[in-house]
Structures are given as C-alpha cells and as structure tokens.
file coords32.txt (compact mmCIF, C-alpha atoms)
# COMPACT_ATOMS: atom_id res chain seq x y z
CA MET Z 3 13.50 -2.79 15.66
CA ASN Z 4 11.31 -1.41 18.40
CA ALA Z 5 8.33 -3.60 17.63
CA ASP Z 6 8.74 -5.91 20.61
CA LYS Z 7 9.41 -3.19 23.17
CA ARG Z 8 6.89 -2.26 25.81
CA VAL Z 9 5.93 1.39 25.50
CA LEU Z 10 4.11 3.54 28.04
CA ILE Z 11 2.57 6.89 27.11
CA ILE Z 12 2.57 9.11 30.20
CA ILE Z 13 0.07 11.98 30.21
CA PRO Z 14 0.28 14.37 33.16
CA ALA Z 15 -3.15 15.95 33.71
CA TRP Z 16 -4.34 18.62 36.09
CA ASN Z 17 -8.01 19.53 35.71
CA GLU Z 18 -8.10 18.44 32.08
CA ALA Z 19 -11.49 16.70 32.10
CA GLY Z 20 -12.44 18.81 29.06
CA SER Z 21 -9.77 17.49 26.73
CA ILE Z 22 -8.37 14.28 28.22
CA ALA Z 23 -10.96 11.92 26.72
CA ASP Z 24 -10.23 13.09 23.16
CA VAL Z 25 -6.48 12.87 23.70
CA ILE Z 26 -6.74 9.30 25.03
CA ALA Z 27 -9.09 8.29 22.23
CA GLU Z 28 -6.70 9.66 19.63
CA VAL Z 29 -3.64 7.99 21.13
CA ARG Z 30 -5.48 4.64 21.32
CA ASP Z 31 -6.58 5.09 17.72
CA VAL Z 32 -3.12 5.96 16.38
CA LEU Z 33 -1.05 3.75 18.71
CA PRO Z 34 -3.23 0.79 19.72
CA ALA Z 35 -0.29 -1.31 20.97
CA TYR Z 36 0.90 1.14 23.60
CA ASP Z 37 -0.28 1.48 27.19
CA ILE Z 38 -1.56 4.86 28.34
CA LEU Z 39 -1.00 6.13 31.86
CA VAL Z 40 -2.75 9.32 32.95
CA VAL Z 41 -1.12 10.89 36.00
CA ASN Z 42 -3.93 12.80 37.65
CA ASP Z 43 -2.10 15.58 39.48
CA GLY Z 44 -4.61 16.27 42.25
CA SER Z 45 -7.39 17.40 39.91
CA THR Z 46 -10.51 18.82 41.48
CA ASP Z 47 -12.63 18.02 38.44
CA ASP Z 48 -13.62 14.74 36.79
CA THR Z 49 -10.24 14.02 35.17
CA GLU Z 50 -9.78 10.65 36.90
CA ARG Z 51 -13.23 9.30 36.05
CA VAL Z 52 -13.13 10.56 32.46
CA ALA Z 53 -9.67 9.08 31.86
CA LEU Z 54 -10.68 5.71 33.31
CA ALA Z 55 -13.82 5.67 31.19
CA ALA Z 56 -11.72 6.45 28.11
CA GLY Z 57 -9.69 3.31 28.78
CA ALA Z 58 -6.46 4.66 30.24
CA ARG Z 59 -4.68 3.50 33.36
CA VAL Z 60 -4.81 6.21 36.00
CA VAL Z 61 -2.66 7.02 38.99
CA SER Z 62 -4.00 9.85 41.14
CA LEU Z 63 -1.88 12.05 43.38
CA PRO Z 64 -3.73 13.11 46.55
CA TYR Z 65 -2.79 16.76 45.98
CA ASN Z 66 -1.33 18.91 43.22
CA LEU Z 67 2.45 18.56 42.83
CA GLY Z 68 3.06 20.24 39.47
CA VAL Z 69 4.23 18.70 36.20
CA GLY Z 70 7.55 17.56 37.67
CA GLY Z 71 5.85 15.72 40.52
CA ALA Z 72 3.37 14.09 38.18
CA MET Z 73 6.14 13.02 35.82
CA ARG Z 74 8.27 11.39 38.50
CA LEU Z 75 5.25 9.32 39.49
CA GLY Z 76 4.73 8.41 35.82
CA TYR Z 77 8.34 7.30 35.46
CA ARG Z 78 8.13 5.39 38.74
CA TYR Z 79 5.14 3.52 37.36
CA ALA Z 80 7.06 2.82 34.13
CA ASP Z 81 10.08 1.62 36.12
CA GLU Z 82 8.11 -0.63 38.47
CA ASN Z 83 6.18 -2.16 35.58
CA ASP Z 84 9.30 -2.72 33.45
CA TYR Z 85 8.52 -0.61 30.43
CA ASP Z 86 11.32 -0.23 27.88
CA ILE Z 87 10.26 3.15 26.55
CA ALA Z 88 8.32 6.02 28.09
CA ILE Z 89 6.73 8.83 26.10
CA GLN Z 90 5.64 12.07 27.73
CA LEU Z 91 2.66 13.79 26.13
CA ASP Z 92 0.54 16.77 27.19
CA ALA Z 93 -3.11 16.37 28.15
CA ASP Z 94 -4.29 19.49 26.32
CA GLY Z 95 -4.04 17.93 22.87
CA GLN Z 96 -1.21 20.07 21.51
CA HIS Z 97 1.05 17.07 20.92
CA ASP Z 98 0.15 14.96 17.90
CA PRO Z 99 0.52 11.23 18.74
CA ARG Z 100 1.35 10.56 15.09
CA TYR Z 101 4.88 11.79 15.88
CA VAL Z 102 5.42 9.20 18.62
CA PRO Z 103 6.87 6.52 16.26
CA LYS Z 104 9.35 9.13 15.00
CA LEU Z 105 10.40 9.90 18.57
CA ILE Z 106 10.87 6.18 19.23
CA ASP Z 107 12.95 5.82 16.07
CA GLY Z 108 15.20 8.57 17.40
CA LEU Z 109 15.91 6.42 20.47
CA GLY Z 110 18.31 4.33 18.41
CA GLU Z 111 21.20 6.72 18.84
CA ALA Z 112 19.88 8.90 21.68
CA ARG Z 113 18.61 7.95 25.12
CA LEU Z 114 16.29 10.95 25.37
CA VAL Z 115 14.52 12.37 22.31
CA LEU Z 116 12.74 15.73 22.35
CA GLY Z 117 9.88 16.66 20.06
CA ALA Z 118 11.11 20.08 18.89
CA ARG Z 119 8.59 22.72 17.90
CA PHE Z 120 10.97 25.14 16.19
CA ALA Z 121 12.90 22.67 14.11
CA GLY Z 122 11.18 23.34 10.81
CA GLU Z 123 7.91 21.47 10.99
CA GLY Z 124 4.70 23.39 11.75
CA ASP Z 125 4.33 27.10 12.42
CA TYR Z 126 4.71 27.34 16.19
CA GLN Z 127 5.92 30.80 17.21
CA VAL Z 128 6.60 32.81 20.34
CA ARG Z 129 7.85 36.38 20.71
CA GLY Z 130 9.43 38.74 23.24
CA PRO Z 131 11.18 37.70 26.47
CA ARG Z 132 9.77 34.19 26.25
CA ARG Z 133 11.43 33.80 22.86
CA TRP Z 134 14.76 35.14 24.20
CA ALA Z 135 14.61 32.72 27.10
CA MET Z 136 13.97 29.78 24.78
CA THR Z 137 16.75 30.84 22.41
CA LEU Z 138 19.23 31.21 25.26
CA LEU Z 139 18.30 27.85 26.74
CA SER Z 140 18.62 26.06 23.42
CA ARG Z 141 22.02 27.70 22.69
CA VAL Z 142 23.50 26.76 26.06
CA LEU Z 143 22.07 23.25 26.09
CA SER Z 144 23.00 22.58 22.45
CA ARG Z 145 26.59 23.44 23.27
CA MET Z 146 26.55 21.19 26.34
CA ALA Z 147 25.00 18.28 24.47
CA LYS Z 148 27.19 18.85 21.39
CA THR Z 149 24.11 18.43 19.22
CA LYS Z 150 21.44 20.83 17.99
CA LEU Z 151 18.53 21.22 20.41
CA ASP Z 152 16.01 23.79 19.19
CA ASP Z 153 13.30 23.35 21.77
CA THR Z 154 14.56 22.52 25.23
CA THR Z 155 11.29 23.26 27.05
CA SER Z 156 9.29 20.78 25.01
CA GLY Z 157 7.01 18.55 27.06
CA PHE Z 158 6.87 16.00 24.26
CA ARG Z 159 9.72 13.53 24.76
CA ALA Z 160 10.68 9.89 24.63
CA CYS Z 161 13.27 8.04 26.69
CA ASP Z 162 14.64 4.54 27.15
CA ARG Z 163 14.98 2.19 30.14
CA GLU Z 164 18.11 3.81 31.54
CA ILE Z 165 16.53 7.29 31.63
CA ILE Z 166 13.25 5.91 33.00
CA ARG Z 167 15.22 4.52 35.93
CA LEU Z 168 16.96 7.87 36.45
CA PHE Z 169 13.73 9.88 36.29
CA ALA Z 170 11.91 7.46 38.59
CA GLN Z 171 14.34 8.39 41.35
CA TRP Z 172 15.07 11.97 40.49
CA TYR Z 173 12.74 14.44 38.84
CA PRO Z 174 12.61 18.06 40.06
CA VAL Z 175 9.23 19.56 41.00
CA GLU Z 176 10.28 23.17 40.44
CA TYR Z 177 8.88 25.18 37.58
CA LEU Z 178 10.99 24.60 34.42
CA GLY Z 179 12.96 22.03 36.40
CA ASP Z 180 10.89 19.35 34.76
CA THR Z 181 12.20 20.27 31.31
CA VAL Z 182 15.44 22.25 31.51
CA GLU Z 183 16.97 20.73 34.63
CA THR Z 184 16.25 17.15 33.64
CA LEU Z 185 17.89 17.84 30.30
CA VAL Z 186 21.02 19.29 31.94
CA ARG Z 187 21.26 16.26 34.24
CA VAL Z 188 20.87 13.77 31.41
CA ILE Z 189 23.52 15.55 29.32
CA ARG Z 190 25.84 15.81 32.34
CA LEU Z 191 25.58 12.07 32.93
CA GLY Z 192 26.87 11.61 29.40
CA HIS Z 193 23.71 10.19 27.83
CA PRO Z 194 23.15 11.15 24.19
CA VAL Z 195 20.17 13.45 23.58
CA GLY Z 196 18.43 13.97 20.26
CA GLN Z 197 15.52 15.79 18.73
CA VAL Z 198 12.83 15.18 16.15
CA PRO Z 199 10.92 18.07 14.52
CA VAL Z 200 7.23 18.04 15.38
CA ALA Z 201 4.28 20.29 14.51
CA MET Z 202 2.22 21.67 17.39
CA ARG Z 203 -1.53 21.96 17.30
CA GLN Z 204 -3.84 24.46 18.90
CA ARG Z 205 -4.80 23.47 22.39
CA THR Z 206 -8.22 21.90 22.46
CA ALA Z 207 -8.95 23.41 25.87
CA GLY Z 208 -7.35 26.20 27.89
CA THR Z 209 -5.40 29.20 26.61
CA PRO Z 210 -1.64 29.76 26.49
CA SER Z 211 -0.30 32.56 28.65
CA ASN Z 212 0.59 35.62 26.58
CA SER Z 213 1.03 38.55 28.98
CA PRO Z 214 4.42 40.31 28.69
CA ILE Z 215 4.90 40.35 32.47
CA LYS Z 216 4.45 36.60 32.64
CA ALA Z 217 6.89 36.24 29.75
CA ALA Z 218 9.50 38.36 31.57
CA VAL Z 219 9.04 36.33 34.74
CA TYR Z 220 9.48 33.23 32.59
CA LEU Z 221 12.80 34.59 31.29
CA GLY Z 222 14.02 35.26 34.84
CA ARG Z 223 13.04 31.84 36.08
CA ALA Z 224 14.61 30.19 33.05
CA LEU Z 225 17.91 31.95 33.81
CA ILE Z 226 17.84 30.99 37.49
CA THR Z 227 16.96 27.40 36.68
CA LEU Z 228 19.74 27.18 34.12
CA LEU Z 229 22.34 28.72 36.44
CA LEU Z 230 21.41 26.43 39.32
CA ALA Z 231 21.24 23.34 37.11
CA ILE Z 232 24.64 23.98 35.58
CA ASN Z 233 26.26 24.59 38.95
CA ARG Z 234 24.99 21.39 40.51
CA ARG Z 235 27.38 18.54 40.55
CA MET U 29 17.94 48.07 88.16
CA LYS U 30 14.50 48.18 86.61
CA LEU U 31 16.03 47.03 83.32
CA ALA U 32 17.63 44.00 84.96
CA ILE U 33 14.31 42.99 86.50
CA MET U 34 12.46 43.32 83.18
CA THR U 35 15.00 41.37 81.08
CA GLY U 36 15.47 38.83 83.85
CA VAL U 37 11.75 38.15 84.09
CA VAL U 38 11.51 37.75 80.31
CA ALA U 39 14.41 35.28 80.36
CA LEU U 40 12.70 33.30 83.14
CA LEU U 41 9.42 33.19 81.20
CA LEU U 42 11.28 32.02 78.12
CA LEU U 43 13.02 29.26 80.02
CA ALA U 44 9.72 28.20 81.58
CA LEU U 45 8.06 28.04 78.16
CA ILE U 46 10.86 25.91 76.70
CA PHE U 47 10.83 23.60 79.69
CA GLU U 48 7.06 23.20 79.50
CA LEU U 49 7.14 22.42 75.76
CA LEU U 50 9.87 19.85 76.34
CA ARG U 51 8.00 18.33 79.25
CA ARG U 52 4.90 17.89 77.08
CA ARG U 53 7.04 16.47 74.27
CA GLN U 54 5.89 19.18 71.85
CA LEU U 55 9.48 19.79 70.76
CA ARG U 56 11.59 17.13 69.12
CA GLU U 57 14.65 16.13 71.07
CA LYS U 58 17.04 17.40 68.41
CA TYR U 59 15.78 20.95 69.05
CA ALA U 60 15.49 20.49 72.80
CA VAL U 61 19.18 20.88 73.63
CA LEU U 62 19.49 23.94 71.41
CA TRP U 63 16.61 25.76 73.06
CA LEU U 64 17.63 24.77 76.57
CA VAL U 65 21.09 26.24 75.95
CA VAL U 66 19.49 29.41 74.60
CA GLY U 67 17.30 29.67 77.69
CA LEU U 68 20.17 29.05 80.11
CA VAL U 69 22.36 31.66 78.39
CA THR U 70 19.68 34.35 78.42
CA LEU U 71 18.86 33.86 82.09
CA PRO U 72 22.08 35.30 83.65
CA LEU U 73 22.28 37.88 80.85
CA GLY U 74 18.77 39.00 81.75
CA PHE U 75 19.56 39.66 85.41
CA ILE U 76 23.05 41.14 84.82
CA PRO U 77 22.81 42.90 81.41
CA TRP U 78 26.14 44.68 81.93
CA SER U 79 28.06 41.44 82.38
CA LEU U 80 29.03 41.45 78.71
CA ASP U 81 30.37 45.00 78.66
CA ASN U 82 34.00 43.87 78.99
CA VAL U 83 33.71 41.37 76.16
CA SER U 84 31.91 43.86 73.92
CA SER U 85 34.42 46.67 74.44
CA TRP U 86 37.18 44.17 73.62
CA LEU U 87 35.30 43.39 70.36
CA GLY U 88 34.84 47.07 69.61
CA VAL U 89 31.09 47.10 70.38
CA ALA U 90 29.91 50.04 72.52
CA SER U 91 27.65 48.17 74.95
CA GLY U 92 26.88 44.63 75.95
CA ALA U 93 23.26 45.05 74.95
CA SER U 94 24.22 45.76 71.32
CA LEU U 95 26.42 42.67 71.25
CA VAL U 96 23.56 40.52 72.53
CA LEU U 97 21.23 42.06 69.96
CA PHE U 98 23.68 41.37 67.14
CA LEU U 99 24.22 37.77 68.23
CA ALA U 100 20.45 37.29 68.53
CA VAL U 101 19.86 38.44 64.95
CA VAL U 102 22.57 36.12 63.62
CA PHE U 103 21.19 33.24 65.64
CA LEU U 104 17.61 33.84 64.44
CA LEU U 105 18.77 34.00 60.81
CA ILE U 106 20.49 30.64 61.16
CA VAL U 107 17.35 29.20 62.76
CA CYS U 108 15.24 30.52 59.82
CA ILE U 109 17.57 28.99 57.25
CA HIS U 110 17.51 25.72 59.12
CA LEU U 111 13.69 25.73 59.18
CA SER U 112 13.39 26.35 55.42
CA TRP U 113 15.81 23.50 54.86
CA GLU U 114 13.73 21.34 57.13
CA ALA U 115 10.54 22.35 55.28
CA SER U 116 12.08 21.44 51.91
CA ARG U 117 13.07 18.05 53.27
CA LEU U 118 9.56 17.47 54.62
CA GLU U 119 8.05 18.45 51.25
CA ASP U 120 10.29 15.89 49.59
CA GLU U 121 9.14 13.24 52.01
CA THR U 122 5.43 14.03 51.62
CA ARG U 123 5.94 13.98 47.84
CA SER U 124 7.29 10.45 48.03
CA LEU U 125 4.37 9.45 50.24
CA ALA U 126 1.88 10.99 47.79
CA GLU U 127 3.43 8.96 44.97
CA GLU U 128 3.29 5.83 47.06
CA VAL U 129 -0.41 6.42 47.86
CA ALA U 130 -1.21 6.99 44.18
CA LEU U 131 0.54 3.77 43.12
CA ILE U 132 -1.15 1.75 45.86
CA ARG U 133 -4.58 3.11 44.95
CA ALA U 134 -4.07 2.27 41.28
CA GLU U 135 -2.98 -1.24 42.18
CA LEU U 136 -5.94 -1.67 44.52
CA ARG U 137 -8.33 -0.64 41.75
CA GLU U 138 -6.75 -3.19 39.41
CA VAL U 139 -6.96 -5.97 42.00
CA ARG U 140 -10.61 -5.15 42.70
CA GLU U 141 -11.47 -5.22 39.02
CA ARG U 142 -9.79 -8.57 38.60
CA GLN U 143 -11.56 -9.93 41.67
CA GLY U 144 -14.89 -8.70 40.31
CA GLU U 145 -14.23 -10.50 37.04
CA LEU U 146 -13.28 -13.69 38.85
CA GLU U 147 -16.40 -13.62 40.99
CA ALA U 148 -18.58 -12.97 37.96
CA GLY U 149 -16.88 -15.90 36.22
CA ALA U 150 -17.48 -18.21 39.18
CA GLU U 151 -21.12 -17.12 39.28
CA ASP U 152 -21.54 -17.92 35.59
CA ALA U 153 -19.93 -21.30 36.08
CA ARG U 154 -22.26 -22.20 38.93
CA ALA U 155 -25.28 -21.21 36.87
CA PHE U 156 -23.89 -23.18 33.94
CA ARG U 157 -23.27 -26.29 36.03
CA ALA U 158 -26.79 -26.14 37.44
CA GLY U 159 -28.12 -25.92 33.91
CA THR U 160 -26.02 -28.69 32.39
CA ASN U 161 -27.15 -31.10 35.11
CA GLY U 162 -24.53 -33.71 35.75
CA ARG U 163 -21.99 -33.01 33.05
CA THR U 164 -18.58 -32.09 34.39
CA VAL U 165 -17.84 -28.41 34.02
CA GLY U 166 -14.93 -26.61 35.56
CA ILE U 167 -13.43 -23.16 35.76
CA VAL U 168 -10.31 -22.83 33.73
CA THR U 169 -8.15 -19.93 34.80
CA GLN U 170 -6.30 -18.41 31.91
CA ARG U 171 -2.90 -16.83 32.04
CA ASP U 172 -4.28 -13.31 32.24
CA GLY U 173 -6.20 -14.23 35.38
CA LYS U 174 -9.66 -14.06 33.84
CA ALA U 175 -11.85 -16.96 34.77
CA VAL U 176 -13.65 -18.69 31.95
CA VAL U 177 -16.13 -21.49 31.95
CA GLY U 178 -15.01 -24.59 30.14
CA GLU U 179 -15.97 -28.19 29.77
CA ARG U 180 -13.56 -30.92 30.70
call {"tool": "encode", "arguments": {"input": "coords32.txt", "output": "structure tokens"}}
result
Amino acid sequence: MNADKRVLIIIPAWNEAGSIADVIAEVRDVLPAYDILVVNDGSTDDTERVALAAGARVVSLPYNLGVGGAMRLGYRYADENDYDIAIQLDADGQHDPRYVPKLIDGLGEARLVLGARFAGEGDYQVRGPRRWAMTLLSRVLSRMAKTKLDDTTSGFRACDREIIRLFAQWYPVEYLGDTVETLVRVIRLGHPVGQVPVAMRQRTAGTPSNSPIKAAVYLGRALITLLLAINRR
Amino acid sequence: MKLAIMTGVVALLLLALIFELLRRRQLREKYAVLWLVVGLVTLPLGFIPWSLDNVSSWLGVASGASLVLFLAVVFLLIVCIHLSWEASRLEDETRSLAEEVALIRAELREVRERQGELEAGAEDARAFRAGTNGRTVGIVTQRDGKAVVGER
C-alpha cells in the first residue's frame, strides 16, 4: 500500500566521513527507490564531499547544532519537498536499512514508528544507570501512549506527512530532547505511536560511551527532560 | 561627607557612561529607558545616601544603604534572567537562519548542476549540428530538465 509514496531517508551526520559512504551505499543497495538526505551538522571533516560522492543529497549546516538541530532541518527539507514518509537513520551504521520496510508497514496504524532495540530482536544490552533511565522512560511513555514502547531513545524511526509537518516547525535541540521530548509531544497531540523490533549492529566507526559517570549524568538529564516535557502544555 | 562624594561621583560616572552608549547607539532603545531610569535613580541616592533611611526603617531594614544593596541584587538578578532569555531567543533565531542557509546552499548546488548539464547538452548539440551539415537538429528539453540532442 505504500508503494507509491515518496520516502526520504534522513541521516544526521557530524564528522562521520569514515562511515557515511558505506551507510549510503548500503541504503541505496537495499532501498533503491528512496531518496537519501544527509544532514551535515557542521562537520569539520570530509563528510559533505564523501556523502555527495556516494550519491546522497546533502544539506550542510554552517555550524554544529546537535542531532535535534540537524533533524529539524531534515524534516524541513522533507516538508518543503512534499515527502509522504520520512525515516531517520544514524550515520554510524548501527541501524540496518533492511528494517526500513517494516517501519513503513507500521505506519498504517501509527503516525510515528520507533525501531526498538530491546523488543526481542538482536542482543542489544545496556547496564547500570543508563539502563534504569531507559526503563523509566519507556515505562512512563508507554503509559502515556497506551501502547508498549520498549526503546524510547531510539534514533531509528519513521513518520508520516502529519508528523513531518510538526517536526519541520518544532524539534528541540537539547540533548535527549530530540528523542524523548518529541515523543511526548507527539503522544500529547493524540497521534498514535508504534514500535517495530529491530536488531542493532556494532558501530562501524566510533565507540559508544561506557563510563559510569557519563551514564549517571545521562540518567539525570533523562529525568529532567522527562519532567520538563511532561509539564509543558 | 566623604562617602556622599564617593557614591555621588560613581553615580555620575555611571550616568555619563549610559548616556554616551545611548548617544553612540550602542544600546538598543528597549534597554535605553531602563538604564536611564537606573542612572537617574542612583544619582540623588549617591549624593544623599541617608535619604532612604526613613523608608528603610519603615520596612524594618537597619540602614538605607542595606536597602539599596538589597534592591540592587534583586534588580541584577532580574537583568541576568532577562539576558539568558534573550540569548535563548537569539539562539533560536540563528538556528533558523542556519537552516535557511543550508537549504539555500543545497538548492544552489542543484541549480548549478542542472545548468552545467544544460550547457553541456547545448555544446553537444552545436557540435552535432556542425557535423550533420544542413540537416535540422534541435534541442529537445525533457521533463526532468536535461537537454538532449534530437532530430526533428
């Protein structure tokens, strides 16, 4: 049913020259019909040139804004160019484009579909405060959305025209705002949200942060973000 | 008396600074009134520091100087909050501008590429026409904007 829809894959990238070419090549290989937009978030390396050479469309921010800033630009591009569906995918290669059709299928009953890393598929794991934060977020947000959401901080998501229009105008730049706060807003506006289990892969470049202090800070920021988001009208 | 001279001179300097900044248009008008009022209030207080003693004793504050100090701290806090609010607003505005610049640059690149293709197509056509010598050849522009050489 989604065969005739225009789909844009948005890849926010900040200094990802090492992995972006492979990611673009894989997406083009798996999903040849979809357009790819790389949002170059003020990279100081060759990201823009590499992405263009790999055959993606590129919009380049003059300075680094963070994932939220890059994503609003991506959604603005999708809105201005009349795409029906936008997919958000990370530039480090941890999201497998083979799951994109499943995400799009989920858009039948939901307006925003998350690729959930804990929902059974794959063996993605986190421990300690970071785990507590994620559990808390998913409990609160599942209750709000009245549906099970296992992975609320997932950066792998699909949304339809209505949500593209919303995100093009409003997308927080704050840390975690790009995932948690957008989710709260979408649920608050009464749009149905869904999830599809996905397997994560090892990052092809860069290392995930593992220090316990960083994890604790993450927990604190998650709590503050959640509290603020819930108390906004 | 020495105290009155010191505080009075400071108040005068302050007022002079504000006036000079306003005169050179270094301060936006919306702040101008605020700072002028601040300057004009501090001036008499500087020369007659004990003028507030009645008001302060009525409020339960021991001396006029303490009352002025307290009010100054409150005022500065409000100014700080206002400035962070202003900075957030400016960040929002520059963010929108950054997005706009990125979109315009992407569009410009696309237009340039298309123009390059068109010019290359026209060049080919000219070469082709020169070669075919007399036969009618034209440039047919397809829907996607790419120029192709075709025979009529």
call {"tool": "closest_residue", "arguments": {"input": "coords32.txt", "among": "Z:Gly157, Z:Gly71, Z:Gly117, Z:Gly44", "to": "Val195 in chain Z", "atoms": "only C-alpha atoms"}}
result
Z:Gly117
call {"tool": "interface_residues", "arguments": {"input": "coords32.txt", "of": "chain U", "to": "chain Z", "cutoff": "10 Å", "atoms": "only C-alpha atoms", "output": "ChimeraX atom specification"}}
result
/U:120,123-135,137-138
call {"tool": "residues_around", "arguments": {"input": "coords32.txt", "residues": "range 130-140 of chain Z", "least_positions_apart": "6", "cutoff": "7 Å", "atoms": "only C-alpha atoms", "output": "PyMOL selection string"}}
result
chain Z and resi 151-154+217-218+220-221+224
call {"tool": "residues_around", "arguments": {"input": "coords32.txt", "residues": "range 49-51 of chain U", "least_positions_apart": "4", "cutoff": "12 Å", "atoms": "all atoms listed in the file", "output": "list in words"}}
result
Leu42, Leu43, Ala44, Leu45, Leu55, Arg56, Glu57, Lys58, Tyr59, Ala60, Val61, Leu62, Trp63 and Leu64 of chain U
call {"tool": "residues_around", "arguments": {"input": "coords32.txt", "residues": "range 80-84 of chain U", "least_positions_apart": "2", "cutoff": "12 Å", "atoms": "only C-alpha atoms", "output": "CSV table (one decimal) with C-alpha atoms, keeping the file's coordinate frame"}}
result
chain,number,residue,atom,x,y,z
U,69,VAL,CA,22.4,31.7,78.4
U,70,THR,CA,19.7,34.4,78.4
U,72,PRO,CA,22.1,35.3,83.6
U,73,LEU,CA,22.3,37.9,80.8
U,74,GLY,CA,18.8,39.0,81.8
U,75,PHE,CA,19.6,39.7,85.4
U,76,ILE,CA,23.0,41.1,84.8
U,77,PRO,CA,22.8,42.9,81.4
U,78,TRP,CA,26.1,44.7,81.9
U,86,TRP,CA,37.2,44.2,73.6
U,87,LEU,CA,35.3,43.4,70.4
U,88,GLY,CA,34.8,47.1,69.6
U,89,VAL,CA,31.1,47.1,70.4
U,90,ALA,CA,29.9,50.0,72.5
U,91,SER,CA,27.6,48.2,75.0
U,92,GLY,CA,26.9,44.6,76.0
U,93,ALA,CA,23.3,45.0,75.0
U,94,SER,CA,24.2,45.8,71.3
U,95,LEU,CA,26.4,42.7,71.2
U,96,VAL,CA,23.6,40.5,72.5
U,97,LEU,CA,21.2,42.1,70.0
U,98,PHE,CA,23.7,41.4,67.1
U,99,LEU,CA,24.2,37.8,68.2
call {"tool": "closest_residue", "arguments": {"input": "coords32.txt", "among": "Z:Arg141, Z:Glu111, Z:Leu168, Z:Met146", "to": "Gln197 in chain Z", "atoms": "all atoms listed in the file"}}
result
Z:Glu111
call {"tool": "atom_distance", "arguments": {"input": "coords32.txt", "atom1": "CA of Gly108 in chain Z", "atom2": "CA of Val29 in chain Z"}}
result
19.2 Å
call {"tool": "residues_around", "arguments": {"input": "coords32.txt", "residues": "Glu183 in chain Z", "least_positions_apart": "2", "cutoff": "8 Å", "atoms": "all atoms listed in the file", "output": "PDB file with C-alpha atoms, in the coordinates of the input"}}
result
ATOM      1  CA  PRO Z 174      12.610  18.060  40.060  1.00  0.00           C
ATOM      2  CA  LEU Z 178      10.990  24.600  34.420  1.00  0.00           C
ATOM      3  CA  GLY Z 179      12.960  22.030  36.400  1.00  0.00           C
ATOM      4  CA  ASP Z 180      10.890  19.350  34.760  1.00  0.00           C
ATOM      5  CA  THR Z 181      12.200  20.270  31.310  1.00  0.00           C
ATOM      6  CA  LEU Z 185      17.890  17.840  30.300  1.00  0.00           C
ATOM      7  CA  VAL Z 186      21.020  19.290  31.940  1.00  0.00           C
ATOM      8  CA  ARG Z 187      21.260  16.260  34.240  1.00  0.00           C
ATOM      9  CA  THR Z 227      16.960  27.400  36.680  1.00  0.00           C
ATOM     10  CA  LEU Z 228      19.740  27.180  34.120  1.00  0.00           C
ATOM     11  CA  ALA Z 231      21.240  23.340  37.110  1.00  0.00           C
TER      12      ALA Z 231
END
call {"tool": "atom_distance", "arguments": {"input": "coords32.txt", "atom1": "CA of Ile106 in chain Z", "atom2": "CA of Ala19 in chain Z"}}
result
27.9 Å
call {"tool": "axis_aligned_box", "arguments": {"input": "coords32.txt", "around": "range 56-61 of chain U", "padding_each_side": "8 Å", "output": "AutoDock Vina command-line options"}}
result
--center_x 15.4 --center_y 18.5 --center_z 71.0 --size_x 23.6 --size_y 20.8 --size_z 21.2
call {"tool": "atom_distance", "arguments": {"input": "coords32.txt", "atom1": "CA of Arg203 in chain Z", "atom2": "CA of Leu10 in chain Z"}}
result
22.1 Å
call {"tool": "closest_residue", "arguments": {"input": "coords32.txt", "among": "Z:Gln96, Z:Thr155, Z:Gln90, Z:Thr46", "to": "Val25 in chain Z", "atoms": "all atoms listed in the file"}}
result
Z:Gln96
call {"tool": "residues_near_point", "arguments": {"input": "coords32.txt", "point": "(7.4, 13.1, 16.3)", "cutoff": "9 Å", "atoms": "all atoms listed in the file", "output": "PyMOL selection string"}}
result
chain Z and resi 97-106+116-118+158-159+197-201
call {"tool": "residues_around", "arguments": {"input": "coords32.txt", "residues": "Val188 in chain Z", "least_positions_apart": "5", "cutoff": "10 Å", "atoms": "all atoms listed in the file", "output": "PDB file with C-alpha atoms, in the frame of the given file"}}
result
ATOM      1  CA  ARG Z 113      18.610   7.950  25.120  1.00  0.00           C
ATOM      2  CA  LEU Z 114      16.290  10.950  25.370  1.00  0.00           C
ATOM      3  CA  ALA Z 147      25.000  18.280  24.470  1.00  0.00           C
ATOM      4  CA  ILE Z 165      16.530   7.290  31.630  1.00  0.00           C
ATOM      5  CA  LEU Z 168      16.960   7.870  36.450  1.00  0.00           C
ATOM      6  CA  PHE Z 169      13.730   9.880  36.290  1.00  0.00           C
ATOM      7  CA  GLU Z 183      16.970  20.730  34.630  1.00  0.00           C
ATOM      8  CA  HIS Z 193      23.710  10.190  27.830  1.00  0.00           C
ATOM      9  CA  PRO Z 194      23.150  11.150  24.190  1.00  0.00           C
ATOM     10  CA  VAL Z 195      20.170  13.450  23.580  1.00  0.00           C
TER      11      VAL Z 195
END
